[in-house]
Structures are given as C-alpha cells and as structure tokens.
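Participant: Below is one structure. I have some questions about it.
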Amino acid sequence: MHSNDRADITEAALLLRISQYYRDGMEPIELYDATRGRWVIGPDRDKAQFALTVYKGVVKEVYEIKGWYTAGATFSTRTDAPPEGRWEFVGNIAEQSIRDKYINKSVAHYFDQGGSNPVRYVNVKEEK
C-alpha cells in the first residue's frame, strides 16, 4: 500500500472523515456504522452514489448509497443516541472494481488545508 497514491474520483461521491471513530482492526459492521451515520448534511446528499470512508486522508472503504434517513431511524450497532438534525445512509459495500479504484488511496487533496468539515462532496453539483 502506498498511501501517497492519489485517488482521482470519477463518480458522484461523498468523502466522510471518521477520525474520532476509526481504529485499526474494526469489524466491517463497525466501520459501516461509523461511516454511514450522524452527518450534518444538506439535500445534495441524494445526488451522491458512493460514500468513501476516510481516515487520515486515506480511503478505508467504499459504500454504495441506497438511501438517506433521519439519524437513529435505521438499525445500528452504535448505542449512543444521535444528535437532532443529523442524517445516516443505508447502503452496501461497493462492487470490487470501485473498491479497487479507491481503497488505500489518498483523498487528502480534496480537503481544504486546515478545514474541519468532515464531509466533502465530489462530482456532486451543489445547489445554491
């Protein structure tokens, strides 16, 4: 793995930084729940086809988004109550060709230096 390999994202995607929840050796369901849930995110979320789990600027997993729901409305392994006004998606692990394209690749160049927003839209036309 060369984390300096840069990903060139060509699909409509959301980059979701899970810095405070990520740890090495997470079970797949834990990684999914950490990635999919509890985002402050606008209606443009519906235009994204994929969600990429990002930790320290590197993609850890890719999910195909099937739908968005009010946080806490779907089954989750997380036991703490979600804050009001947040969203979570339901989806599947993306097909292998998509995963091969992005996992262990850097997406740091998509985030503003020093920026704190954990959500980044890529190839999604945001409405003003």
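Residue names in the structure tokens use chain letters A, B, ... in the order shown, residue numbers from 1 in each chain, and ligand numbers from 1 in the order shown.
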Env of Lys60 of chain A: 6 Å cut, atoms = only C-alpha atoms, seq-sep filter 4 positions within chain, self excluded. Answer as a list in words.
Facilitator: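 The neighbour list is Thr53, Val54 and Ile103 of chain A.
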Participant: Could you please write out, as a ChimeraX atom specification, every residue of chain A that DSSP assigns to strand (DSSP E or B)?
Facilitator: /A:6,13-17,39,50-55,58-70,87-93,106,119-122
Participant: May I have the residues from that selection written out with C-alpha atoms, as a PDB file, in the first residue's frame?
Facilitator:
ATOM      1  CA  ARG A   6      -3.777   9.806  -5.107  1.00  0.00           C
ATOM      2  CA  ALA A  13     -19.299  10.648  -4.115  1.00  0.00           C
ATOM      3  CA  LEU A  14     -19.170  11.842  -0.536  1.00  0.00           C
ATOM      4  CA  LEU A  15     -15.879  11.715   1.339  1.00  0.00           C
ATOM      5  CA  LEU A  16     -16.670  11.116   5.013  1.00  0.00           C
ATOM      6  CA  ARG A  17     -13.880  11.617   7.527  1.00  0.00           C
ATOM      7  CA  TRP A  39     -23.940  13.671   9.478  1.00  0.00           C
ATOM      8  CA  PHE A  50     -20.938   6.407  -3.202  1.00  0.00           C
ATOM      9  CA  ALA A  51     -19.681   7.183   0.299  1.00  0.00           C
ATOM     10  CA  LEU A  52     -15.947   6.795   0.919  1.00  0.00           C
ATOM     11  CA  THR A  53     -14.709   6.193   4.457  1.00  0.00           C
ATOM     12  CA  VAL A  54     -11.698   8.457   5.037  1.00  0.00           C
ATOM     13  CA  TYR A  55      -9.166   8.270   7.862  1.00  0.00           C
ATOM     14  CA  VAL A  58      -6.776   7.712   3.043  1.00  0.00           C
ATOM     15  CA  VAL A  59      -9.842   5.762   1.829  1.00  0.00           C
ATOM     16  CA  LYS A  60     -10.593   2.765   4.060  1.00  0.00           C
ATOM     17  CA  GLU A  61     -13.848   1.524   2.469  1.00  0.00           C
ATOM     18  CA  VAL A  62     -16.396   2.422  -0.225  1.00  0.00           C
ATOM     19  CA  TYR A  63     -20.162   2.027   0.102  1.00  0.00           C
ATOM     20  CA  GLU A  64     -22.895   2.360  -2.497  1.00  0.00           C
ATOM     21  CA  ILE A  65     -25.587   4.604  -1.003  1.00  0.00           C
ATOM     22  CA  LYS A  66     -29.129   3.233  -1.257  1.00  0.00           C
ATOM     23  CA  GLY A  67     -30.970   5.905   0.740  1.00  0.00           C
ATOM     24  CA  TRP A  68     -30.783   8.570   3.449  1.00  0.00           C
ATOM     25  CA  TYR A  69     -32.744   8.567   6.699  1.00  0.00           C
ATOM     26  CA  THR A  70     -33.029  10.657   9.862  1.00  0.00           C
ATOM     27  CA  TRP A  87     -28.674  12.030   8.735  1.00  0.00           C
ATOM     28  CA  GLU A  88     -27.473   8.489   8.063  1.00  0.00           C
ATOM     29  CA  PHE A  89     -27.380   6.421   4.912  1.00  0.00           C
ATOM     30  CA  VAL A  90     -28.144   2.780   4.238  1.00  0.00           C
ATOM     31  CA  GLY A  91     -26.048   1.044   1.624  1.00  0.00           C
ATOM     32  CA  ASN A  92     -23.844  -1.833   0.584  1.00  0.00           C
ATOM     33  CA  ILE A  93     -20.137  -2.327   0.190  1.00  0.00           C
ATOM     34  CA  SER A 106      -5.144   9.334  -0.727  1.00  0.00           C
ATOM     35  CA  VAL A 119     -17.942  15.907   4.693  1.00  0.00           C
ATOM     36  CA  ARG A 120     -16.731  16.652   1.162  1.00  0.00           C
ATOM     37  CA  TYR A 121     -18.817  16.374  -1.992  1.00  0.00           C
ATOM     38  CA  VAL A 122     -17.001  15.215  -5.137  1.00  0.00           C
TER      39      VAL A 122
END
Participant: Taking into account only C-alpha atoms, which residue in the set A:Pro82, A:Asp46, A:Asp8, A:Pro118 is nearest to Gln20 of chain A?
Facilitator: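 Result for the nearest residue to Gln20 of chain A: A:Pro118.
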Participant: Name the residues of chain A that come out as helix (DSSP H, G or I) in a backbone DSSP run; write them as a PyMOL selection string.
Facilitator: chain A and resi 28-36+43-47+96-102+108-110
Participant: So, counting only C-alpha atoms, which residue among A:Lys101, A:Lys125, A:Arg23, A:Arg36 is closest to Arg86 of chain A?
Facilitator: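 Selected residue with least distance to Arg86 of chain A: A:Arg36.
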Participant: Need the shell around Ala81 of chain A: protein/DNA/RNA residues with any atom at most 9 Å away, counting only C-alpha atoms. Skip same-chain ones fewer than 3 positions apart. Format as a list of chain:residue names?
Facilitator: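 The neighbour list is A:Ala71, A:Gly72, A:Arg78.
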Participant: Could you please take those selected residues and save C-alpha atoms as a PDB file, in the first residue's frame?
Facilitator:
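The new file result.pdb reads:
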ATOM      1  CA  ALA A  71     -30.172   9.561  12.138  1.00  0.00           C
ATOM      2  CA  GLY A  72     -31.302   6.831  14.507  1.00  0.00           C
ATOM      3  CA  ARG A  78     -23.993   2.269  17.854  1.00  0.00           C
TER       4      ARG A  78
END
Participant: Using only C-alpha atoms for the distances, tell me which of A:Asp112, A:Glu11, A:Asp100, A:Glu95 is nearest to Ala48 of chain A.
Facilitator: A:Glu11
Participant: Measure the distance from atom CA of Asp80 of chain A to atom CA of Lys56 of chain A in Å and round it to one decimal.
Facilitator: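 Distance between the two atoms: 24.3 Å.
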